[in-house]
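Colleague: Sharing work.tsv below, TSV, C-alpha atoms:
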chain	number	residue	atom	x	y	z
A	1	MET	CA	231.67	299.99	21.13
A	2	SER	CA	234.03	301.51	18.57
A	3	ARG	CA	236.39	304.37	19.42
A	4	THR	CA	234.41	306.79	17.22
A	5	THR	CA	231.09	305.76	18.76
A	6	GLY	CA	232.50	306.07	22.28
A	7	SER	CA	233.83	309.56	21.57
A	8	ALA	CA	230.48	310.67	20.18
A	9	HIS	CA	228.70	309.25	23.21
A	10	ARG	CA	230.99	311.16	25.61
A	11	ARG	CA	230.40	314.37	23.68
A	12	LYS	CA	226.64	313.97	23.92
A	13	ARG	CA	226.89	313.62	27.69
A	14	LEU	CA	228.77	316.91	27.98
A	15	GLY	CA	225.97	319.47	27.82
A	16	TYR	CA	225.59	323.15	28.58
A	17	PRO	CA	227.07	322.97	32.16
A	18	ALA	CA	230.42	321.92	30.68
A	19	ALA	CA	230.24	324.71	28.11
A	20	ALA	CA	229.41	327.17	30.90
A	21	ALA	CA	232.47	325.97	32.85
A	22	VAL	CA	234.68	326.59	29.80
A	23	PHE	CA	233.13	330.06	29.47
A	24	ALA	CA	233.79	330.91	33.12
A	25	ILE	CA	237.41	329.73	33.04
A	26	GLY	CA	238.13	331.76	29.93
A	27	MET	CA	236.55	334.94	31.29
A	28	ALA	CA	238.32	334.59	34.66
A	29	GLY	CA	241.63	335.14	32.90
A	30	THR	CA	240.56	338.56	31.65
A	31	THR	CA	240.30	340.00	35.19
A	32	LEU	CA	243.02	337.92	36.85
A	33	PRO	CA	245.59	340.80	36.94
A	34	THR	CA	243.20	343.26	38.67
A	35	PRO	CA	244.47	342.99	42.29
A	36	LEU	CA	248.05	342.78	41.04
A	37	TYR	CA	248.28	346.19	39.34
A	38	GLY	CA	249.62	347.80	42.53
A	39	LEU	CA	252.44	345.23	42.65
A	40	TYR	CA	253.27	345.90	39.01
A	41	ARG	CA	253.33	349.65	39.74
A	42	GLU	CA	255.84	349.11	42.54
A	43	GLN	CA	257.98	346.78	40.44
A	44	LEU	CA	257.96	348.75	37.18
A	45	GLY	CA	257.40	352.28	38.50
A	46	PHE	CA	254.56	353.57	36.32
A	47	SER	CA	251.63	355.88	37.10
A	48	GLU	CA	247.94	355.22	37.69
A	49	LEU	CA	247.30	356.59	34.20
A	50	MET	CA	249.44	353.79	32.77
A	51	VAL	CA	247.46	351.23	34.79
A	52	THR	CA	244.25	352.39	33.11
A	53	VAL	CA	245.89	352.39	29.68
A	54	VAL	CA	247.12	348.82	30.20
A	55	PHE	CA	243.60	347.88	31.21
A	56	ALA	CA	242.04	349.69	28.23
A	57	VAL	CA	244.15	347.70	25.77
A	58	TYR	CA	241.97	344.73	26.76
A	59	ALA	CA	238.84	346.55	25.56
A	60	LEU	CA	240.55	347.38	22.26
A	61	GLY	CA	241.24	343.68	21.76
A	62	VAL	CA	237.61	342.81	22.50
A	63	ILE	CA	236.26	345.47	20.12
A	64	ALA	CA	238.65	344.47	17.30
A	65	THR	CA	237.63	340.83	17.68
A	66	LEU	CA	233.92	341.67	17.70
A	67	LEU	CA	234.33	343.73	14.53
A	68	LEU	CA	236.53	341.25	12.67
A	69	ALA	CA	235.41	337.86	13.95
A	70	GLY	CA	232.15	338.34	15.80
A	71	ASN	CA	230.34	335.74	13.68
A	72	VAL	CA	233.28	333.47	12.83
A	73	SER	CA	231.92	330.55	14.86
A	74	ASP	CA	228.90	330.40	12.50
A	75	GLU	CA	231.29	329.29	9.75
A	76	ALA	CA	234.23	327.66	11.55
A	77	GLY	CA	232.15	325.91	14.21
A	78	ARG	CA	231.85	326.50	17.93
A	79	ARG	CA	234.58	324.15	19.19
A	80	PRO	CA	237.43	325.51	17.01
A	81	VAL	CA	236.62	329.07	18.07
A	82	LEU	CA	236.41	328.10	21.75
A	83	LEU	CA	239.78	326.35	21.47
A	84	ALA	CA	241.26	329.44	19.76
A	85	ALA	CA	239.91	331.64	22.57
A	86	LEU	CA	241.50	329.37	25.18
A	87	GLY	CA	244.74	329.55	23.20
A	88	PHE	CA	244.69	333.36	23.38
A	89	SER	CA	243.91	333.14	27.10
A	90	ALA	CA	246.89	330.81	27.66
A	91	ALA	CA	249.17	333.12	25.66
A	92	SER	CA	248.00	336.04	27.80
A	93	ALA	CA	248.78	334.12	31.00
A	94	LEU	CA	252.26	333.32	29.68
A	95	CYS	CA	252.90	337.02	28.98
A	96	PHE	CA	252.14	337.82	32.62
A	97	LEU	CA	253.95	334.74	33.92
A	98	PHE	CA	257.22	335.70	32.18
A	99	GLU	CA	256.54	339.46	32.45
A	100	GLY	CA	259.51	341.60	31.52
A	101	GLY	CA	258.10	345.12	31.57
A	102	LEU	CA	255.26	347.17	30.16
A	103	PRO	CA	255.37	345.65	26.63
A	104	ALA	CA	254.59	342.21	28.10
A	105	LEU	CA	251.68	343.66	30.10
A	106	PHE	CA	250.28	345.34	27.00
A	107	ALA	CA	250.63	342.12	25.00
A	108	GLY	CA	248.99	340.09	27.74
A	109	ARG	CA	245.99	342.42	27.98
A	110	LEU	CA	245.57	342.55	24.19
A	111	LEU	CA	245.60	338.75	23.92
A	112	SER	CA	243.14	338.60	26.80
A	113	GLY	CA	240.85	340.92	24.84
A	114	PHE	CA	241.04	338.61	21.83
A	115	ALA	CA	240.01	335.70	24.05
A	116	ALA	CA	237.07	337.59	25.57
A	117	GLY	CA	235.89	338.80	22.16
A	118	LEU	CA	235.73	335.24	20.84
A	119	LEU	CA	234.22	333.80	24.01
A	120	SER	CA	231.49	336.40	24.45
A	121	GLY	CA	229.76	335.29	21.27
A	122	ALA	CA	230.77	331.68	20.67
A	123	ALA	CA	230.55	330.48	24.29
A	124	THR	CA	227.19	332.15	24.91
A	125	VAL	CA	225.73	330.55	21.80
A	126	THR	CA	227.25	327.17	22.63
A	127	VAL	CA	225.71	327.13	26.10
A	128	MET	CA	222.31	328.01	24.64
A	129	GLU	CA	222.51	325.49	21.79
A	130	LEU	CA	223.47	322.61	24.07
A	131	ALA	CA	220.45	323.14	26.32
A	132	PRO	CA	217.95	320.26	26.14
A	133	PRO	CA	214.32	321.04	25.28
A	134	GLY	CA	212.57	322.95	28.01
A	135	ARG	CA	215.77	324.27	29.63
A	136	ALA	CA	216.48	327.29	27.46
A	137	ALA	CA	215.85	329.72	30.34
A	138	ARG	CA	218.14	327.76	32.67
A	139	ALA	CA	220.86	327.69	30.00
A	140	GLY	CA	220.51	331.45	29.49
A	141	LEU	CA	221.04	332.01	33.20
A	142	ALA	CA	224.01	329.61	33.11
A	143	ALA	CA	225.59	331.64	30.30
A	144	THR	CA	225.06	334.87	32.25
A	145	ALA	CA	226.46	333.38	35.45
A	146	ALA	CA	229.46	331.95	33.60
A	147	ASN	CA	230.25	335.29	31.98
A	148	MET	CA	229.91	337.58	35.00
A	149	GLY	CA	230.83	334.88	37.51
A	150	GLY	CA	234.04	334.15	35.62
A	151	LEU	CA	234.90	337.85	35.49
A	152	GLY	CA	234.35	338.07	39.25
A	153	CYS	CA	236.28	334.92	40.14
A	154	GLY	CA	239.43	336.12	38.35
A	155	PRO	CA	240.33	338.88	40.86
A	156	LEU	CA	239.09	336.79	43.78
A	157	LEU	CA	241.43	333.93	42.83
A	158	SER	CA	244.48	336.09	42.16
A	159	GLY	CA	243.87	338.21	45.28
A	160	LEU	CA	243.74	335.15	47.53
A	161	LEU	CA	246.84	333.60	45.97
A	162	ALA	CA	248.80	336.86	45.95
A	163	GLU	CA	248.00	337.53	49.62
A	164	TYR	CA	248.34	334.08	51.14
A	165	ALA	CA	250.56	332.04	48.79
A	166	PRO	CA	254.11	332.48	47.47
A	167	TRP	CA	255.05	334.07	44.13
A	168	PRO	CA	252.19	336.62	43.97
A	169	LEU	CA	252.97	337.68	40.39
A	170	ARG	CA	253.46	334.13	39.11
A	171	LEU	CA	251.26	331.60	40.91
A	172	PRO	CA	247.86	333.05	39.81
A	173	PHE	CA	248.81	332.58	36.17
A	174	VAL	CA	250.20	329.09	36.74
A	175	VAL	CA	246.89	328.10	38.34
A	176	HIS	CA	244.95	329.66	35.48
A	177	LEU	CA	247.03	327.80	32.89
A	178	ALA	CA	246.08	324.55	34.65
A	179	LEU	CA	242.41	325.58	34.52
A	180	ILE	CA	242.74	326.40	30.82
A	181	ALA	CA	244.09	322.89	30.22
A	182	VAL	CA	240.98	321.46	31.92
A	183	ALA	CA	238.77	323.76	29.83
A	184	ALA	CA	240.51	322.65	26.63
A	185	VAL	CA	239.80	318.99	27.43
A	186	LEU	CA	236.15	319.81	28.13
A	187	THR	CA	235.92	321.77	24.88
A	188	TRP	CA	237.40	318.90	22.89
A	189	PHE	CA	234.57	316.64	24.06
A	190	LEU	CA	231.76	319.17	23.59
A	191	PRO	CA	229.29	318.36	20.80
A	192	GLU	CA	229.70	320.55	17.70
A	193	THR	CA	226.44	322.43	17.08
A	194	VAL	CA	227.32	323.87	13.66
A	195	ALA	CA	226.31	321.35	11.01
A	196	SER	CA	228.82	322.19	8.27
A	197	SER	CA	231.75	324.04	9.76
A	198	ARG	CA	234.74	325.03	7.68
A	199	VAL	CA	238.05	326.42	8.89
A	200	ARG	CA	240.07	326.37	5.68
A	201	GLY	CA	239.45	329.32	3.41
A	202	LEU	CA	237.83	331.31	6.22
A	203	ARG	CA	238.40	335.05	5.87
A	204	LEU	CA	238.00	337.67	8.54
A	205	ARG	CA	236.06	340.65	7.21
A	206	PRO	CA	235.37	343.90	9.05
A	207	GLN	CA	231.71	344.15	10.06
A	208	GLY	CA	230.12	347.56	9.96
A	209	LEU	CA	228.22	349.01	12.92
A	210	ALA	CA	224.85	348.93	11.19
A	211	VAL	CA	221.77	350.07	13.12
A	212	PRO	CA	218.42	350.11	11.28
A	213	PRO	CA	216.99	353.67	11.22
A	214	ALA	CA	213.62	352.56	12.66
A	215	MET	CA	215.19	351.41	15.94
A	216	ARG	CA	217.85	354.06	16.53
A	217	GLY	CA	215.90	355.55	19.44
A	218	VAL	CA	215.77	352.21	21.27
A	219	PHE	CA	219.38	351.51	20.38
A	220	THR	CA	220.64	354.89	21.62
A	221	THR	CA	219.03	354.70	25.06
A	222	SER	CA	219.96	351.04	25.52
A	223	ALA	CA	223.56	351.61	24.42
A	224	LEU	CA	223.95	354.64	26.72
A	225	ALA	CA	222.64	352.63	29.65
A	226	ALA	CA	225.12	349.85	28.84
A	227	PHE	CA	227.93	352.42	28.48
A	228	ALA	CA	227.19	353.76	31.98
A	229	GLY	CA	226.97	350.27	33.52
A	230	PHE	CA	230.16	349.04	31.88
A	231	SER	CA	231.92	352.21	33.02
A	232	LEU	CA	231.24	351.11	36.59
A	233	LEU	CA	232.64	347.64	35.84
A	234	GLY	CA	235.71	349.25	34.28
A	235	LEU	CA	236.21	351.42	37.34
A	236	PHE	CA	236.18	348.42	39.69
A	237	THR	CA	238.43	346.24	37.51
A	238	ALA	CA	241.01	348.94	36.75
A	239	VAL	CA	241.01	351.62	39.45
A	240	ALA	CA	239.29	350.11	42.52
A	241	PRO	CA	242.52	348.41	43.74
A	242	ALA	CA	244.18	351.84	43.89
A	243	PHE	CA	241.13	353.29	45.69
A	244	VAL	CA	241.25	350.50	48.26
A	245	SER	CA	244.98	350.80	48.94
A	246	GLU	CA	245.60	354.56	48.61
A	247	THR	CA	242.31	356.22	49.57
A	248	LEU	CA	241.00	353.65	52.08
A	249	ASP	CA	244.46	352.50	53.30
A	250	VAL	CA	243.56	348.81	52.98
A	251	HIS	CA	246.42	346.70	51.63
A	252	ASN	CA	245.04	343.16	51.77
A	253	LEU	CA	244.98	341.87	48.17
A	254	ALA	CA	242.44	339.16	48.99
A	255	LEU	CA	240.05	341.83	50.26
A	256	THR	CA	240.65	343.86	47.11
A	257	GLY	CA	239.77	340.83	44.99
A	258	LEU	CA	236.64	340.27	47.08
A	259	VAL	CA	235.49	343.88	46.49
A	260	VAL	CA	235.86	343.45	42.71
A	261	PHE	CA	234.18	340.03	42.89
A	262	SER	CA	231.17	341.56	44.62
A	263	VAL	CA	230.32	343.89	41.73
A	264	PHE	CA	230.23	341.00	39.25
A	265	LEU	CA	228.29	338.80	41.66
A	266	ALA	CA	225.69	341.55	42.00
A	267	SER	CA	225.59	341.97	38.21
A	268	THR	CA	224.76	338.28	37.82
A	269	ALA	CA	221.99	338.64	40.39
A	270	GLY	CA	220.65	341.71	38.58
A	271	GLN	CA	220.44	339.87	35.29
A	272	ALA	CA	218.68	336.95	36.95
A	273	LEU	CA	216.10	339.34	38.45
A	274	MET	CA	214.80	340.60	35.12
A	275	GLY	CA	212.20	337.84	34.93
A	276	ARG	CA	210.61	339.10	38.14
A	277	VAL	CA	210.98	342.80	37.41
A	278	GLY	CA	209.65	342.57	33.84
A	279	GLU	CA	211.13	343.71	30.56
A	280	ARG	CA	209.55	347.18	30.56
A	281	ARG	CA	210.83	348.09	34.04
A	282	ALA	CA	214.23	346.38	33.92
A	283	LEU	CA	216.06	348.99	31.86
A	284	PRO	CA	214.87	352.21	33.59
A	285	GLY	CA	214.83	350.51	37.00
A	286	GLY	CA	218.37	349.24	36.50
A	287	CYS	CA	219.54	352.77	35.65
A	288	PHE	CA	218.08	354.14	38.90
A	289	VAL	CA	219.67	351.36	40.97
A	290	LEU	CA	222.97	352.09	39.19
A	291	VAL	CA	222.60	355.77	40.21
A	292	ALA	CA	222.21	354.71	43.84
A	293	GLY	CA	225.33	352.56	43.55
A	294	LEU	CA	227.35	355.46	42.11
A	295	LEU	CA	226.19	357.69	44.98
A	296	LEU	CA	227.49	355.09	47.42
A	297	VAL	CA	230.82	354.83	45.56
A	298	GLY	CA	231.17	358.61	45.70
A	299	ALA	CA	230.32	358.62	49.40
A	300	SER	CA	232.92	355.91	50.05
A	301	LEU	CA	235.59	358.19	48.57
A	302	LEU	CA	234.40	361.26	50.48
A	303	PHE	CA	234.34	359.48	53.84
A	304	ALA	CA	237.13	356.91	53.15
A	305	SER	CA	234.76	354.04	53.99
A	306	LEU	CA	235.31	350.49	52.81
A	307	PRO	CA	231.76	349.36	53.78
A	308	LEU	CA	230.30	352.14	51.61
A	309	LEU	CA	232.51	351.03	48.70
A	310	VAL	CA	231.30	347.44	49.06
A	311	ALA	CA	227.70	348.67	49.26
A	312	GLY	CA	228.31	350.72	46.11
A	313	ALA	CA	229.73	347.68	44.35
A	314	LEU	CA	226.73	345.53	45.26
A	315	CYS	CA	224.12	348.18	44.47
A	316	GLY	CA	225.84	349.40	41.30
A	317	GLY	CA	226.48	345.86	40.06
A	318	LEU	CA	222.83	344.95	40.65
A	319	GLY	CA	221.70	347.97	38.63
A	320	GLN	CA	224.23	347.29	35.88
A	321	GLY	CA	223.10	343.69	35.50
A	322	LEU	CA	219.41	344.58	35.46
A	323	ALA	CA	219.88	347.43	32.98
A	324	PHE	CA	222.22	345.40	30.79
A	325	ARG	CA	219.88	342.47	30.38
A	326	GLY	CA	216.97	344.84	29.83
A	327	ALA	CA	218.97	346.65	27.13
A	328	VAL	CA	219.90	343.42	25.33
A	329	THR	CA	216.27	342.30	25.45
A	330	ALA	CA	215.00	345.64	24.11
A	331	ILE	CA	217.48	345.67	21.23
A	332	SER	CA	216.86	342.03	20.32
A	333	ALA	CA	213.11	342.70	20.26
A	334	ALA	CA	213.34	345.87	18.15
A	335	ALA	CA	215.94	344.73	15.60
A	336	PRO	CA	214.75	343.07	12.38
A	337	ALA	CA	215.85	339.44	12.17
A	338	GLU	CA	218.14	340.10	9.20
A	339	HIS	CA	220.00	342.85	11.13
A	340	ARG	CA	219.85	341.45	14.64
A	341	ALA	CA	223.41	340.07	14.84
A	342	ALA	CA	224.96	343.27	13.45
A	343	THR	CA	222.88	345.45	15.78
A	344	VAL	CA	223.82	343.42	18.87
A	345	SER	CA	227.49	343.57	17.82
A	346	ALA	CA	227.27	347.37	17.55
A	347	PHE	CA	225.70	347.45	21.01
A	348	PHE	CA	228.58	345.44	22.51
A	349	VAL	CA	231.15	347.70	20.85
A	350	ILE	CA	229.66	350.73	22.62
A	351	ALA	CA	229.43	348.80	25.89
A	352	TYR	CA	233.14	347.93	25.73
A	353	LEU	CA	234.00	351.54	24.92
A	354	GLY	CA	232.30	352.26	28.23
A	355	ILE	CA	234.61	349.86	30.04
A	356	SER	CA	237.74	351.55	28.67
A	357	LEU	CA	237.42	355.26	27.81
A	358	PRO	CA	236.08	356.56	31.17
A	359	VAL	CA	238.69	354.71	33.24
A	360	VAL	CA	241.49	356.13	31.10
A	361	GLY	CA	239.96	359.53	31.83
A	362	VAL	CA	240.12	358.74	35.54
A	363	GLY	CA	243.78	357.80	35.16
A	364	ALA	CA	244.53	361.07	33.37
A	365	LEU	CA	242.68	363.10	36.00
A	366	THR	CA	244.70	361.52	38.82
A	367	LEU	CA	247.81	363.29	37.51
A	368	GLY	CA	246.20	366.69	38.06
A	369	ILE	CA	243.59	366.44	40.82
A	370	GLY	CA	244.47	363.22	42.66
A	371	LEU	CA	242.86	359.81	42.86
A	372	ARG	CA	239.98	360.68	45.19
A	373	ASN	CA	238.86	363.75	43.19
A	374	ALA	CA	239.21	361.82	39.94
A	375	GLY	CA	236.96	359.10	41.33
A	376	LEU	CA	234.40	361.67	42.47
A	377	THR	CA	234.42	363.30	39.04
A	378	PHE	CA	233.92	359.93	37.37
A	379	SER	CA	231.05	359.05	39.72
A	380	GLY	CA	229.32	362.37	39.03
A	381	CYS	CA	229.61	362.11	35.24
A	382	VAL	CA	228.42	358.50	34.99
A	383	LEU	CA	225.68	359.20	37.54
A	384	ALA	CA	224.36	362.06	35.37
A	385	LEU	CA	224.34	359.81	32.30
A	386	ALA	CA	222.56	356.94	34.05
A	387	LEU	CA	220.03	359.31	35.66
A	388	GLY	CA	219.26	361.00	32.35
A	389	VAL	CA	218.71	357.68	30.57
A	390	GLY	CA	216.62	356.36	33.46
A	391	LEU	CA	214.35	359.44	33.53
A	392	TYR	CA	213.86	359.29	29.76
A	393	LEU	CA	213.00	355.59	29.85
A	394	ALA	CA	210.66	356.03	32.79
A	395	ARG	CA	208.51	358.17	30.49
A	396	ARG	CA	209.05	356.08	27.37
A	397	PRO	CA	209.85	352.50	28.42
A	398	PRO	CA	210.87	349.98	25.72
A	399	ALA	CA	208.07	347.93	24.21
A	400	PRO	CA	207.92	344.30	25.42
A	401	ARG	CA	208.57	341.44	23.03
Can you turn what I pasted into structure tokens?
Modeller:
Amino acid sequence: MSRTTGSAHRRKRLGYPAAAAVFAIGMAGTTLPTPLYGLYREQLGFSELMVTVVFAVYALGVIATLLLAGNVSDEAGRRPVLLAALGFSAASALCFLFEGGLPALFAGRLLSGFAAGLLSGAATVTVMELAPPGRAARAGLAATAANMGGLGCGPLLSGLLAEYAPWPLRLPFVVHLALIAVAAVLTWFLPETVASSRVRGLRLRPQGLAVPPAMRGVFTTSALAAFAGFSLLGLFTAVAPAFVSETLDVHNLALTGLVVFSVFLASTAGQALMGRVGERRALPGGCFVLVAGLLLVGASLLFASLPLLVAGALCGGLGQGLAFRGAVTAISAAAPAEHRAATVSAFFVIAYLGISLPVVGVGALTLGIGLRNAGLTFSGCVLALALGVGLYLARRPPAPR
């Protein structure tokens, strides 16, 4: 067997599970710093507002990448884009590994956003395209689990290492760099699913947020539901560590990572449940479950209860996952084929605004009314949004495909 034939044979054997593993490793890096923000605050001496701003820079990187390079893998090929995303993820880890102040944290989060923006499109499509006939549904679930599971495993990994291993601000990123190296090897041997890819001469062009007029009603309700759900995810990945340590007086970083992990685990479960719930009930039902989760989060702050916070994470994550998958399904069904990619990109831009803007608001409120009251205000505002969208959709549910 020739070297070329052997390489092609190995690539054919690496199917969608390998692509899903690459996806999960890349996404884990985007939430890896979550349990460590308190340590950075002690070391560098900045406020909770600055923590949320550092976190929000990540969302700016994701949005910029979606707008500039959301469809670049259609031209350059899947493997080059995946390798570029892993390169950004490695550069982000190096910024945190050799951290020298706030500028390095900002740079690390921005590069992490670039990685997530490239992965969210290219890795999802790669997992789906590598699925053998008859396994499209299983590959879709694998892509969902890799995305949300990776986001959840990041804080769990760094929390465990920071609590029970030496060098809490260094070792998590060393371990992630090793995982990125494994992911790069896997990516190199993945089959290329784009027939005629070209990297030279490729130009990044801003993509407008185009939504066809006929589907603006469906888009608005779906995007608002996603905004509310992603706001909850942003709260847990940016501010929850401060809630756990300051409001609940729990200082175990591994436990903090486990709390954040639980919301993403529940989100994965919520997305997997849509097949049983049905497309018409998934979006409004997910909004109502999200409301229940926000009530539990608010109660956990009022009564300083860690079990209530965990219950809120599980319930809210379940609702977020169910509503999110229902929203994506509704938009994909309503959008004309020629505008589907642009419409979905616009949807993700609004979702990622939800993960950044509200948590910065929480950070700003902490300066005036304190962390607990800021969290209660956030819970009330997002609860009202999710409840309003849920009640509207209960009367006018999205049409099934």
Colleague: Quick check, in Å to one decimal: how far apart do CA of Leu171 (chain A) and CA of Thr144 (chain A) lie?
Modeller: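 The value is 27.8 Å.
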Colleague: So which one's closest to Thr65 (chain A), A:Ala123, A:Leu94, A:Ala272, A:Val349? Using only C-alpha atoms, please.
Modeller: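 Nearest to Thr65 (chain A): A:Val349.
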Colleague: In Å, rounded to a single decimal, give me how far CA of Val218 (chain A) is from CA of Val127 (chain A).
Modeller: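 That distance, rounded to one decimal, is 27.4 Å.
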Colleague: So which residues touch region 292-301 of chain A within 7 Å, counting only C-alpha atoms, skipping near sequence neighbours fewer than 4 positions away, as a ChimeraX atom specification?
Modeller: /A:288,305-306,308-309,311-313,315-316,372,376,379,383
Colleague: Give the answer as one residue: which of A:Gly45, A:Gly87, A:Gly388, A:Gly354 has the shortest atom-to-atom distance to Ala228 (chain A), using only C-alpha atoms?
Modeller: A:Gly354
Colleague: Considering all atoms listed in the file, state which residue in the set A:Leu83, A:Leu49, A:Ala56, A:Ala76 is at the smallest distance from Gly108 (chain A).
Modeller: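 Residue with the minimum atom-to-atom distance to Gly108 (chain A): A:Ala56.
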Colleague: Quick check, in Å to one decimal: how far apart do CA of Phe98 (chain A) and CA of Phe23 (chain A) lie?
Modeller: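 That distance, rounded to one decimal, is 24.9 Å.
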Colleague: Have a look at A:Gly229, A:Gly154, A:Gly317, A:Gly113 and name the one nearest to Ile350 (chain A); count all atoms listed in the file.
Modeller: A:Gly229
Colleague: Which is closer to Glu279 (chain A) than all the others in A:Ala64, A:Val239, A:Ala21, A:Ala323, using only C-alpha atoms?
Modeller: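 Once distances to Glu279 (chain A) are computed over only C-alpha atoms, the minimum belongs to A:Ala323.
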Colleague: When you count only C-alpha atoms, which of these residues is closest to Ser92 (chain A): A:Arg280, A:His176, A:Arg135, A:Arg79?
Modeller: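 Among the listed residues, the smallest separation from Ser92 (chain A) belongs to A:His176.
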